[in-house]
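*Asks:* Take this structure first; my questions come after.
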Amino acid sequence: MAMAIERQQRAMLGHRQNFFGRPVSFTTIAWNYSGRIWDVERPEDGEPARRHTVRCPVCQETLTYAVHSIAATRRRRVRQLIAAVVFLIATVPVFCLIMLDPGSPVVLSIAYGGGSLTFITGWLLACAAGQEKGFAGHGSAWPGYLKHRVFVPNTKDGRWV
Ligand SMILES: [Zn+2]
């Protein structure tokens, strides 16, 4: 999924239409978004992020996003990937704490709890890196089906991703 990250960015602010996922197939559920297309000019590389405000056509809420330049978007993606790798690698030694004292409930809870948290954090950071579009605000940097999401066109077929 290659996203079109461009200086003259065409984006879509989407408002989630269903609270619960709609079954699409036996193993897949989906959330529908409707919204408006929004033309945004990203800052030049090296300039700070610009704040852009857009009004949701569904709920009339005014949302402000910090829009990053193309180079800053790439750097944000790389930083998130590095952090994801660090957390995923850190999962192994945290789980290995079990070897210190396998009979201790404190060690077991730290190892399983800490190992699970580091793995989940690494996985979320990897997902966030894959969806990084250079728009920050209202949770848009994190994966999930939030009330509002910013979509950009896919470079292959133009679908909103
Ligand atoms: Zn809305």
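Chain labels run A, B, ... following the order of the structure tokens; each chain numbers its residues from 1, and ligands are numbered from 1 in the order shown.
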Report as a ChimeraX atom specification which protein, DNA and RNA residues come within 9 Å of ligand 1, using only C-alpha atoms and all ligand atoms.

*Replies:* /A:13-16,34-35,55-63,147-148

*Asks:* Identify, with DSSP run on backbone atoms, the residues in range 10-97 of chain A assigned to alpha helix (DSSP H), and express the list as a PyMOL selection string.

*Replies:* chain A and resi 70-96

*Asks:* For a quick check of understanding, using only C-alpha atoms, which of A:Pro48, A:Gly134, A:Pro105, A:Gly115 has the smallest distance to Val92 in chain A?

*Replies:*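 Of A:Pro48, A:Gly134, A:Pro105, A:Gly115, the one nearest Val92 in chain A, counting only C-alpha atoms, is A:Gly115.
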
*Asks:* Just the residues within 8 Å of range 117-130 of chain A, please, counting only C-alpha atoms, with nothing from its chain fewer than 2 positions along; format it as a list of chain:residue names.

*Replies:*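 Counting only C-alpha atoms, the residues come to A:Arg76, A:Arg77, A:Val78, A:Gln80, A:Leu81, A:Ala83, A:Ala84, A:Val85, A:Val86, A:Phe87, A:Leu88, A:Ala90, A:Thr91, A:Gly113, A:Gly114, A:Gly115, A:Glu132, A:Ala141, A:Trp142, A:Pro143.
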
*Asks:* Take the residues that were just selected and, keeping C-alpha atoms, output them as an mmCIF file, in the first residue's frame.

*Replies:*
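Final output, selection-v1.cif:
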```cif
data_model
loop_
_atom_site.group_PDB
_atom_site.id
_atom_site.type_symbol
_atom_site.label_atom_id
_atom_site.label_comp_id
_atom_site.auth_asym_id
_atom_site.auth_seq_id
_atom_site.Cartn_x
_atom_site.Cartn_y
_atom_site.Cartn_z
ATOM 1 C CA ARG A 76 8.414 10.355 11.251
ATOM 2 C CA ARG A 77 7.881 7.014 9.512
ATOM 3 C CA VAL A 78 11.523 5.987 9.990
ATOM 4 C CA GLN A 80 8.321 4.963 14.269
ATOM 5 C CA LEU A 81 9.843 1.959 12.497
ATOM 6 C CA ALA A 83 10.993 2.471 17.769
ATOM 7 C CA ALA A 84 8.901 -0.515 16.672
ATOM 8 C CA VAL A 85 11.996 -2.619 16.068
ATOM 9 C CA VAL A 86 13.442 -1.597 19.450
ATOM 10 C CA PHE A 87 10.240 -2.559 21.253
ATOM 11 C CA LEU A 88 9.917 -5.843 19.361
ATOM 12 C CA ALA A 90 13.070 -5.744 23.767
ATOM 13 C CA THR A 91 10.225 -8.244 24.023
ATOM 14 C CA GLY A 113 2.953 -8.344 31.528
ATOM 15 C CA GLY A 114 6.045 -6.463 30.440
ATOM 16 C CA GLY A 115 6.673 -8.739 27.495
ATOM 17 C CA GLU A 132 2.026 7.607 8.507
ATOM 18 C CA ALA A 141 -1.071 9.046 13.724
ATOM 19 C CA TRP A 142 -2.261 5.829 15.383
ATOM 20 C CA PRO A 143 -3.892 2.794 13.803
#
```

*Asks:* Which residues, written as a list in words, have at least one atom at most 7 Å from range 2-4 of chain A, with only C-alpha atoms counted and residues fewer than 6 positions away on the same chain left out?

*Replies:*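 With the cut-off at 7 Å, the set is Val152, Pro153, Asn154 and Thr155 of chain A.
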
*Asks:* Print the selection's residues with N, CA and C atoms to a file, as an mmCIF file, in the first residue's frame.

*Replies:*
```cif
data_model
loop_
_atom_site.group_PDB
_atom_site.id
_atom_site.type_symbol
_atom_site.label_atom_id
_atom_site.label_comp_id
_atom_site.auth_asym_id
_atom_site.auth_seq_id
_atom_site.Cartn_x
_atom_site.Cartn_y
_atom_site.Cartn_z
ATOM 1 N N VAL A 152 -5.458 9.472 2.341
ATOM 2 C CA VAL A 152 -4.768 9.994 1.154
ATOM 3 C C VAL A 152 -4.918 8.948 0.057
ATOM 4 N N PRO A 153 -4.769 9.353 -1.213
ATOM 5 C CA PRO A 153 -4.953 8.368 -2.285
ATOM 6 C C PRO A 153 -3.818 7.336 -2.327
ATOM 7 N N ASN A 154 -4.195 6.137 -2.718
ATOM 8 C CA ASN A 154 -3.230 5.077 -2.979
ATOM 9 C C ASN A 154 -2.586 5.363 -4.334
ATOM 10 N N THR A 155 -1.290 5.153 -4.450
ATOM 11 C CA THR A 155 -0.616 5.459 -5.719
ATOM 12 C C THR A 155 -0.972 4.482 -6.831
#
```

*Asks:* Nearest residue to Ala11 in chain A out of A:Gly158, A:Pro23, A:Pro43, A:Gly139, using only C-alpha atoms?

*Replies:*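 For Ala11 in chain A, the nearest of the candidates is A:Gly158.
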